[in-house]
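Participant: Submitted below is the structure of interest, expressed as C-alpha cells.
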Amino acid sequence: MKLYEMTALELSRLLQEKEVSAVEVARSFIERADAVEPLVQAYITRTPEEALAGAEAVDAKRSRGEVLPPLAGVPLAIKDNICTRGVRTTCASRFLEDYVPPGDASVISKVRAAGMPLLGKTNMDEFAMGSSTENSAFFPTRNPWDLSRVPGGSSGGSAAAVSAGAAPLALGSDTGGSIRQPAAFCGVVGLRPTYGRVSRAGVVALASSMDQVGPIALTVADAALLLELIAGEDKADFTTSSEPVPSYLDVLSQGVQGLRVGLLVEDGPANFDPAVVAAVQKAARKLEEGGAVVEEASLPHVSYALEAYQLICAAEVSSNLGRFDGVRYGRCVAGENVYAMFSRSRGEGFGPEVKRRLLLGTYVLSKKQYDAYYLQALRVRALVCRDYQSAFKRFDLLLGAVTPTAAFKLGEKVDDPLAMYHADICIVHGPLAGVPAISVPYGFDGDGLPLGVQLTAAPYREELLFRAAHFLEQSRGAEPLRPQLSPSGL
Ligand code: GLN
C-alpha cells in the first residue's frame with residue numbers, strides 16, 4: 001500500500017514507530033497531488049515547499065527523541081477561507097485573489113503546533129456560498145468518483161483532495177452543510193462541530209451565527225483525531241465554549257448498545273432518490289442490530305428551515321462582507337471618488353452568487369422589509385431550535401439523509417440558484433440550532449456514486465456521533481472508500 005492510500009491513523013502509527021519519516025509521507029502526498037490535480041483541481045494554492053519544511057522539522061524533533069502529538073507529520077489541506085500566514089487566502093474570490101494574511105487563524109496555529117505539514121489551500125465556492133464549488137471565481141473542482149460531476153460545496157476542494165489521495169485530512173467550514181454535503185458526494189467523512197466547539201478566529205466569515213470549522217477525513221477515527229486537536233476554548237473567539245474536549249478516539253469502539261436513535265421522517269419525500277432513502281433505512285437497521293433503539297422522530301418546523309436559513313445567511317453576508325470595500329483588504333479599483341471606488345471594487349471583485357446574497361440580505365434588513373422577512377426567519381429559527389430540544393429529550397441521536405441525491409453533474413444546477421439551494425434541504429436546519437452533525441459514507445446510488453447518511457446529536461455530544469458513525473463504518477466494511485481515478489503516469 002502506498003503512503004498516500006493510508007489513513008491518518010495508520011500514518012500516525014508508522015511515523016511514531018519511525019517506520020517512515022514525515023518527509024516521505026509529505027512527498028508521497030505531494031507526488032499524488034501532482035498526478036491527480038490535472039484531473040480533479042482540488043487546490044487553489046499548493047505549498048509543497050512549506051509542507052516539506054514542516055515535515056523536516058517534525059523528523060528533526062523526532063530524531064532528538066521528543067514526544068510529539070499523534071498527528072505530527074500527517075499532512076493537511078486547508079479550505080481557502082481559513083487564514084494562513086504568508087500563504088494567500090482567496091476565499092475563491094477575485095476580491096482576495098492576491099490577499100496574503102498577516103497571521104494564522106487559531107485553528108492553523110493549533111495544527112502547526114501539532115506538527116502537521118500544510119499541503120495547500122483548497123478550492124471552494126466563493127466566500128463559501130454554494131453547494132458545488134462551481135461558484136469558485138477560478139475553476140470548478142471535479143468529483144474524483146466521476147469527473148463529470150461536482151464534488152459538492154462549498155468545501156468541495158477539501159473533500160475531493162481527501163477522496164483523491166491528495167491529502168490524508170482536510171479542514172472545511174460548514175455554515176449550512178458545506179462540510180457534510182461535499183463529504184457525502186466524495187465518499188468521505190465530514191463533521192460539523194457544535195457551534196462554539198471550534199474557534200473561528202481568522203476564518204473569513206460567511207454567516208457568523210452559524211459558521212464552524214471541522215474535519216474532512218477518510219475515516220471516522222481520523223475525523224475524531226483532527227477534531228480533538230482543533231476543538232476547545234479560544235480567547236480570540238468569544239463564542240467558543242470552555243466545555244472540556246474529551247478524547248474522542250477512546251470512545252469510538254463503545255458501540256451503539258442502548259443508544260436511542262430517532263429516524264427523521266422529514267427526510268425522504270418524493271423527490272429523494274430511492275437509493276438515499278434505502279441507505280438511511282439500512283443504516284437504521286444496522287444500528288438496531290447493534291443494540292440501538294430506533295424509533296421515528298420528527299422535527300415539525302424544518303420544512304420552513306431552508307427559506308429561514310437563506311434569509312438569515314444573506315442578512316449576515318450583507319453585514320459581514322461590508323468590510324470588503326477596496327480599502328482594507330484585497331482588490332482596489334480606483335474611481336473618481338470614494339463611492340465609485342467602493343462600487344467598482346465590489347462590482348469587479350464579487351461573483352454573481354455573492355452579489356445575489358448581498359442584494360437579498362440588504363433588502364431583508366431594510367427598514368420596511370425587516371419584520372416581514374428577517375424577523376420572521378428568526379421566529380422560524382426559534383421553532384427549529386425548540387424542535388431539536390424536544391427531539392433530544394427522547395433521543396441521543398437523529399438519523400437522516402445528507403442530500404436528496406448523490407453528486408449531480410457539473411453545470412446541472414449552476415444556473416438555477418433555487419435548485420441549488422434546494423439540494424441543501426437536509427443540512428441547513430442543524431446549523432440554525434447550532435447542533436453537531438456528521439456525514440458518513442453509506443452505500444451507493446444506481447450509478448455507483450457514494451452516498452452519505454447523517455447523524456445529529458445534542459450540543460457538545462460529538463462523541464455520540466463518532467461512536468455511531470464508527471459503528472456504521474465498521475458494519476460497511478472497515479476499508480475507506482476509494483474512487484477509481486486513473487491519472488496518467490501512475
Ligand atoms: N450550500 C449552503 C449555502 O450555499 C451552505 C454553505 C456553507 O455551509 N458554507 O449557503
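Here, A, B, ... name the chains of the C-alpha cells in the order displayed, residue numbers run from 1 inside each chain, and ligands are numbered from 1 in the same displayed order.
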Which polymer residues have any atom within 9 Å of an atom of Thr219 (chain A), counting only C-alpha atoms, with same-chain residues fewer than 2 positions away left out, as a compact mmCIF listing (two decimals) with all heavy atoms, in the first residue's frame?
Facilitator:
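The file below, around.txt, is the result:
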# COMPACT_ATOMS: atom_id res chain seq x y z
N THR A 7 -4.72 5.85 5.95
CA THR A 7 -5.49 6.78 6.77
C THR A 7 -4.51 7.57 7.66
O THR A 7 -3.35 7.17 7.85
CB THR A 7 -6.47 6.03 7.67
OG1 THR A 7 -5.72 5.26 8.63
CG2 THR A 7 -7.36 5.08 6.87
N ALA A 8 -5.01 8.64 8.23
CA ALA A 8 -4.17 9.46 9.12
C ALA A 8 -3.72 8.65 10.33
O ALA A 8 -2.58 8.77 10.79
CB ALA A 8 -4.94 10.70 9.56
N LEU A 9 -4.62 7.79 10.82
CA LEU A 9 -4.28 6.98 11.98
C LEU A 9 -3.14 5.99 11.66
O LEU A 9 -2.21 5.81 12.45
CB LEU A 9 -5.52 6.21 12.45
CG LEU A 9 -5.54 5.72 13.87
CD1 LEU A 9 -5.41 6.87 14.87
CD2 LEU A 9 -6.84 4.94 14.15
N VAL A 188 -16.38 10.50 1.66
CA VAL A 188 -15.51 10.65 2.82
C VAL A 188 -16.34 11.11 4.03
O VAL A 188 -17.54 11.34 3.91
CB VAL A 188 -14.34 11.63 2.54
CG1 VAL A 188 -13.41 11.07 1.48
CG2 VAL A 188 -14.85 13.01 2.12
N VAL A 189 -15.68 11.21 5.18
CA VAL A 189 -16.37 11.57 6.42
C VAL A 189 -16.24 13.08 6.64
O VAL A 189 -15.15 13.63 6.48
CB VAL A 189 -15.73 10.81 7.61
CG1 VAL A 189 -16.36 11.23 8.92
CG2 VAL A 189 -15.85 9.30 7.40
N ILE A 216 -12.53 16.95 7.58
CA ILE A 216 -12.94 16.07 6.49
C ILE A 216 -11.86 14.99 6.42
O ILE A 216 -10.66 15.31 6.40
CB ILE A 216 -13.06 16.85 5.17
CG1 ILE A 216 -14.23 17.84 5.29
CG2 ILE A 216 -13.26 15.89 3.99
CD1 ILE A 216 -14.49 18.68 4.06
N ALA A 217 -12.28 13.72 6.43
CA ALA A 217 -11.32 12.63 6.61
C ALA A 217 -11.78 11.39 5.88
O ALA A 217 -12.93 11.28 5.48
CB ALA A 217 -11.18 12.34 8.10
N ALA A 221 -12.41 7.63 12.61
CA ALA A 221 -11.32 7.78 13.59
C ALA A 221 -10.42 8.96 13.22
O ALA A 221 -10.00 9.74 14.10
CB ALA A 221 -10.49 6.49 13.64
N ASP A 222 -10.14 9.13 11.94
CA ASP A 222 -9.30 10.26 11.51
C ASP A 222 -9.98 11.59 11.81
O ASP A 222 -9.34 12.56 12.25
CB ASP A 222 -9.01 10.17 10.00
CG ASP A 222 -8.01 9.07 9.65
OD1 ASP A 222 -7.58 8.35 10.56
OD2 ASP A 222 -7.68 8.94 8.45
N ALA A 223 -11.29 11.64 11.57
CA ALA A 223 -12.03 12.88 11.85
C ALA A 223 -12.00 13.17 13.35
O ALA A 223 -11.86 14.32 13.77
CB ALA A 223 -13.47 12.75 11.35
N ALA A 224 -12.11 12.10 14.15
CA ALA A 224 -12.08 12.26 15.61
C ALA A 224 -10.74 12.82 16.07
O ALA A 224 -10.68 13.74 16.91
CB ALA A 224 -12.37 10.92 16.28
N VAL A 440 -21.44 10.31 7.12
CA VAL A 440 -20.57 9.14 6.98
C VAL A 440 -21.00 8.36 5.74
O VAL A 440 -22.20 8.20 5.49
CB VAL A 440 -20.61 8.29 8.28
CG1 VAL A 440 -21.99 7.74 8.58
CG2 VAL A 440 -19.60 7.15 8.24
N HIS A 470 -18.76 5.45 13.57
CA HIS A 470 -17.73 4.41 13.52
C HIS A 470 -18.37 3.03 13.42
O HIS A 470 -17.94 2.18 12.64
CB HIS A 470 -16.85 4.51 14.78
CG HIS A 470 -15.75 3.49 14.84
ND1 HIS A 470 -14.63 3.57 14.07
CD2 HIS A 470 -15.62 2.37 15.60
CE1 HIS A 470 -13.84 2.53 14.35
NE2 HIS A 470 -14.43 1.79 15.26
N GLU A 473 -19.59 2.61 9.91
CA GLU A 473 -18.43 2.44 9.03
C GLU A 473 -17.89 1.01 9.12
O GLU A 473 -17.60 0.38 8.10
CB GLU A 473 -17.38 3.45 9.48
CG GLU A 473 -16.10 3.50 8.72
CD GLU A 473 -15.17 4.53 9.36
OE1 GLU A 473 -14.68 4.30 10.49
OE2 GLU A 473 -14.95 5.58 8.75
N ALA A 478 -14.48 -2.10 6.98
CA ALA A 478 -13.69 -1.02 7.57
C ALA A 478 -12.85 -0.22 6.57
O ALA A 478 -12.39 0.86 6.88
CB ALA A 478 -12.78 -1.61 8.64
N GLU A 479 -12.69 -0.74 5.35
CA GLU A 479 -11.81 -0.04 4.40
C GLU A 479 -12.44 1.30 3.97
O GLU A 479 -13.62 1.35 3.66
CB GLU A 479 -11.62 -0.89 3.14
CG GLU A 479 -10.72 -2.09 3.35
CD GLU A 479 -9.36 -1.71 3.91
OE1 GLU A 479 -8.71 -0.85 3.29
OE2 GLU A 479 -8.96 -2.26 4.95
N PRO A 480 -11.64 2.36 3.90
CA PRO A 480 -12.16 3.61 3.35
C PRO A 480 -12.56 3.42 1.89
O PRO A 480 -12.01 2.55 1.20
CB PRO A 480 -10.98 4.58 3.44
CG PRO A 480 -9.94 3.91 4.25
CD PRO A 480 -10.25 2.46 4.32
Participant: Write out as a ChimeraX atom specification each polymer residue whose atoms come within 12 Å of Glu296 (chain A), counting only C-alpha atoms; drop sequence neighbours fewer than 4 positions from it.
Facilitator: /A:260-267,281,284,391,394-395,397-400
Participant: Which of region 72-255 of chain A end up as alpha helix (DSSP H) when DSSP is run on this backbone - answer as a PyMOL selection string?
Facilitator: chain A and resi 106-113+156-163+180-186+220-230+248-251
Participant: Using C-alpha atoms, can you write the selected residues to a file as an mmCIF file, in the first residue's frame?
Facilitator:
data_model
loop_
_atom_site.group_PDB
_atom_site.id
_atom_site.type_symbol
_atom_site.label_atom_id
_atom_site.label_comp_id
_atom_site.auth_asym_id
_atom_site.auth_seq_id
_atom_site.Cartn_x
_atom_site.Cartn_y
_atom_site.Cartn_z
ATOM 1 C CA SER A 106 -6.349 29.991 15.568
ATOM 2 C CA VAL A 107 -7.026 26.530 14.113
ATOM 3 C CA ILE A 108 -3.956 26.901 11.883
ATOM 4 C CA SER A 109 -1.785 27.812 14.887
ATOM 5 C CA LYS A 110 -3.005 24.601 16.526
ATOM 6 C CA VAL A 111 -2.323 22.314 13.579
ATOM 7 C CA ARG A 112 1.088 23.882 13.007
ATOM 8 C CA ALA A 113 1.995 23.492 16.673
ATOM 9 C CA GLY A 156 -15.561 20.768 -2.371
ATOM 10 C CA GLY A 157 -11.793 21.100 -2.782
ATOM 11 C CA SER A 158 -11.140 19.713 0.705
ATOM 12 C CA ALA A 159 -13.441 16.708 0.203
ATOM 13 C CA ALA A 160 -12.096 15.993 -3.302
ATOM 14 C CA ALA A 161 -8.473 16.241 -2.091
ATOM 15 C CA VAL A 162 -9.048 13.635 0.636
ATOM 16 C CA SER A 163 -11.048 11.369 -1.654
ATOM 17 C CA ARG A 180 -21.229 17.349 5.267
ATOM 18 C CA GLN A 181 -22.544 17.638 1.703
ATOM 19 C CA PRO A 182 -19.170 17.503 -0.122
ATOM 20 C CA ALA A 183 -18.102 14.681 2.212
ATOM 21 C CA ALA A 184 -21.200 12.723 1.172
ATOM 22 C CA PHE A 185 -20.649 13.458 -2.522
ATOM 23 C CA CYS A 186 -16.988 12.358 -2.373
ATOM 24 C CA VAL A 220 -14.396 8.404 11.425
ATOM 25 C CA ALA A 221 -11.316 7.779 13.587
ATOM 26 C CA ASP A 222 -9.296 10.258 11.509
ATOM 27 C CA ALA A 223 -12.031 12.879 11.852
ATOM 28 C CA ALA A 224 -12.085 12.262 15.610
ATOM 29 C CA LEU A 225 -8.321 12.783 15.862
ATOM 30 C CA LEU A 226 -8.454 16.071 13.977
ATOM 31 C CA LEU A 227 -11.461 17.419 15.874
ATOM 32 C CA GLU A 228 -9.748 16.644 19.163
ATOM 33 C CA LEU A 229 -6.802 18.740 18.031
ATOM 34 C CA ILE A 230 -8.722 21.799 16.806
ATOM 35 C CA TYR A 248 -12.928 11.160 21.027
ATOM 36 C CA LEU A 249 -10.732 8.308 19.878
ATOM 37 C CA ASP A 250 -11.186 6.490 23.184
ATOM 38 C CA VAL A 251 -14.974 6.222 22.851
#
Participant: Any residue with an atom at most 8 Å from ligand 1 counts, using only C-alpha atoms and all ligand atoms. Which are they? Put them as a list in words.
Facilitator: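 Every residue with an atom at most 8 Å from ligand 1 is listed here: Phe127, Ala128, Met129, Gly130, Ser131, Ser132, Gly153, Ser154, Ser155, Ser173, Asp174, Thr175, Gly176, Gly177, Ser178, Ile179, Leu206, Asp211, Tyr309, Gln310, Cys313, Met420, Tyr421, Asp424 and Val428 of chain A.
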Participant: Only N, CA, C and O atoms, please: the residues just picked out, written as an mmCIF file, in the first residue's frame.
Facilitator:
data_model
loop_
_atom_site.group_PDB
_atom_site.id
_atom_site.type_symbol
_atom_site.label_atom_id
_atom_site.label_comp_id
_atom_site.auth_asym_id
_atom_site.auth_seq_id
_atom_site.Cartn_x
_atom_site.Cartn_y
_atom_site.Cartn_z
ATOM 1 N N PHE A 127 -16.494 32.732 -1.201
ATOM 2 C CA PHE A 127 -16.897 33.093 0.170
ATOM 3 C C PHE A 127 -17.795 32.035 0.810
ATOM 4 O O PHE A 127 -18.634 32.340 1.651
ATOM 5 N N ALA A 128 -17.652 30.785 0.360
ATOM 6 C CA ALA A 128 -18.397 29.632 0.913
ATOM 7 C C ALA A 128 -19.886 29.673 0.589
ATOM 8 O O ALA A 128 -20.698 29.071 1.287
ATOM 9 N N MET A 129 -20.245 30.401 -0.462
ATOM 10 C CA MET A 129 -21.660 30.473 -0.855
ATOM 11 C C MET A 129 -21.905 29.538 -2.027
ATOM 12 O O MET A 129 -21.601 29.863 -3.178
ATOM 13 N N GLY A 130 -22.461 28.369 -1.721
ATOM 14 C CA GLY A 130 -22.763 27.436 -2.790
ATOM 15 C C GLY A 130 -22.677 26.001 -2.332
ATOM 16 O O GLY A 130 -22.308 25.716 -1.187
ATOM 17 N N SER A 131 -23.014 25.089 -3.227
ATOM 18 C CA SER A 131 -23.096 23.670 -2.881
ATOM 19 C C SER A 131 -22.428 22.795 -3.933
ATOM 20 O O SER A 131 -22.713 21.605 -4.013
ATOM 21 N N SER A 132 -21.564 23.386 -4.762
ATOM 22 C CA SER A 132 -20.977 22.587 -5.841
ATOM 23 C C SER A 132 -19.533 22.948 -6.175
ATOM 24 O O SER A 132 -18.921 22.290 -7.013
ATOM 25 N N GLY A 153 -20.184 21.269 -2.258
ATOM 26 C CA GLY A 153 -19.569 22.511 -1.808
ATOM 27 C C GLY A 153 -20.218 22.980 -0.513
ATOM 28 O O GLY A 153 -21.140 22.346 -0.023
ATOM 29 N N SER A 154 -19.722 23.999 0.089
ATOM 30 C CA SER A 154 -18.684 24.793 -0.506
ATOM 31 C C SER A 154 -17.273 24.241 -0.277
ATOM 32 O O SER A 154 -16.342 24.656 -0.975
ATOM 33 N N SER A 155 -17.096 23.268 0.641
ATOM 34 C CA SER A 155 -15.734 22.759 0.889
ATOM 35 C C SER A 155 -15.387 21.648 -0.102
ATOM 36 O O SER A 155 -14.790 20.625 0.270
ATOM 37 N N SER A 173 -15.232 24.278 6.214
ATOM 38 C CA SER A 173 -16.117 25.059 7.079
ATOM 39 C C SER A 173 -17.547 24.752 6.680
ATOM 40 O O SER A 173 -17.819 24.412 5.524
ATOM 41 N N ASP A 174 -18.431 24.816 7.667
ATOM 42 C CA ASP A 174 -19.822 24.430 7.469
ATOM 43 C C ASP A 174 -20.708 25.483 8.114
ATOM 44 O O ASP A 174 -20.691 25.658 9.332
ATOM 45 N N THR A 175 -21.435 26.205 7.270
ATOM 46 C CA THR A 175 -22.386 27.201 7.745
ATOM 47 C C THR A 175 -23.791 26.633 7.586
ATOM 48 O O THR A 175 -24.621 26.736 8.479
ATOM 49 N N GLY A 176 -24.003 25.989 6.431
ATOM 50 C CA GLY A 176 -25.289 25.349 6.166
ATOM 51 C C GLY A 176 -25.080 24.062 5.392
ATOM 52 O O GLY A 176 -25.805 23.784 4.442
ATOM 53 N N GLY A 177 -24.052 23.305 5.773
ATOM 54 C CA GLY A 177 -23.864 21.990 5.143
ATOM 55 C C GLY A 177 -22.568 21.811 4.396
ATOM 56 O O GLY A 177 -22.305 20.745 3.843
ATOM 57 N N SER A 178 -21.724 22.839 4.375
ATOM 58 C CA SER A 178 -20.562 22.840 3.470
ATOM 59 C C SER A 178 -19.445 21.869 3.809
ATOM 60 O O SER A 178 -18.513 21.724 3.026
ATOM 61 N N ILE A 179 -19.522 21.194 4.952
ATOM 62 C CA ILE A 179 -18.596 20.082 5.203
ATOM 63 C C ILE A 179 -19.293 18.774 4.876
ATOM 64 O O ILE A 179 -18.748 17.897 4.197
ATOM 65 N N LEU A 206 -18.808 33.946 6.854
ATOM 66 C CA LEU A 206 -19.946 33.924 5.938
ATOM 67 C C LEU A 206 -21.142 34.387 6.763
ATOM 68 O O LEU A 206 -21.513 35.557 6.710
ATOM 69 N N ASP A 211 -21.350 29.779 11.298
ATOM 70 C CA ASP A 211 -20.065 29.266 10.791
ATOM 71 C C ASP A 211 -19.368 28.348 11.803
ATOM 72 O O ASP A 211 -19.288 28.675 12.984
ATOM 73 N N TYR A 309 -33.039 29.817 6.638
ATOM 74 C CA TYR A 309 -31.576 29.776 6.536
ATOM 75 C C TYR A 309 -31.100 30.767 5.481
ATOM 76 O O TYR A 309 -30.169 31.546 5.708
ATOM 77 N N GLN A 310 -31.717 30.734 4.305
ATOM 78 C CA GLN A 310 -31.259 31.607 3.218
ATOM 79 C C GLN A 310 -31.376 33.079 3.613
ATOM 80 O O GLN A 310 -30.498 33.882 3.320
ATOM 81 N N CYS A 313 -28.766 33.799 6.416
ATOM 82 C CA CYS A 313 -27.430 33.762 5.826
ATOM 83 C C CYS A 313 -27.196 35.033 5.001
ATOM 84 O O CYS A 313 -26.189 35.724 5.174
ATOM 85 N N MET A 420 -30.236 24.784 -6.650
ATOM 86 C CA MET A 420 -29.002 24.590 -5.865
ATOM 87 C C MET A 420 -29.314 24.699 -4.369
ATOM 88 O O MET A 420 -28.884 23.858 -3.584
ATOM 89 N N TYR A 421 -30.091 25.704 -3.971
ATOM 90 C CA TYR A 421 -30.423 25.859 -2.546
ATOM 91 C C TYR A 421 -31.215 24.639 -2.067
ATOM 92 O O TYR A 421 -31.047 24.160 -0.949
ATOM 93 N N ASP A 424 -29.826 21.556 -0.444
ATOM 94 C CA ASP A 424 -29.328 21.657 0.939
ATOM 95 C C ASP A 424 -30.395 21.352 1.982
ATOM 96 O O ASP A 424 -30.199 21.603 3.172
ATOM 97 N N VAL A 428 -29.412 22.330 6.387
ATOM 98 C CA VAL A 428 -29.401 23.724 6.865
ATOM 99 C C VAL A 428 -30.109 23.884 8.207
ATOM 100 O O VAL A 428 -29.875 24.867 8.915
#
Participant: Could you check how far CA of Ile78 (chain A) sits from CA of Asn123 (chain A), in Å to one decimal?
Facilitator: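 Pair CA of Ile78 (chain A) / CA of Asn123 (chain A) returns 9.1 Å.
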Participant: Hey, what's within 12 Å of His429 (chain A) if we count only C-alpha atoms and toss same-chain stuff fewer than 5 positions away? As a PyMOL selection string, please?
Facilitator: chain A and resi 175-177+210+266-267+299-310+312+377+380-388+402+424+434-437+456
Participant: CA of Ala407 (chain A) and CA of Arg94 (chain A) are how many Å apart?
Facilitator: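 Interatomic distance here is 26.5 Å.
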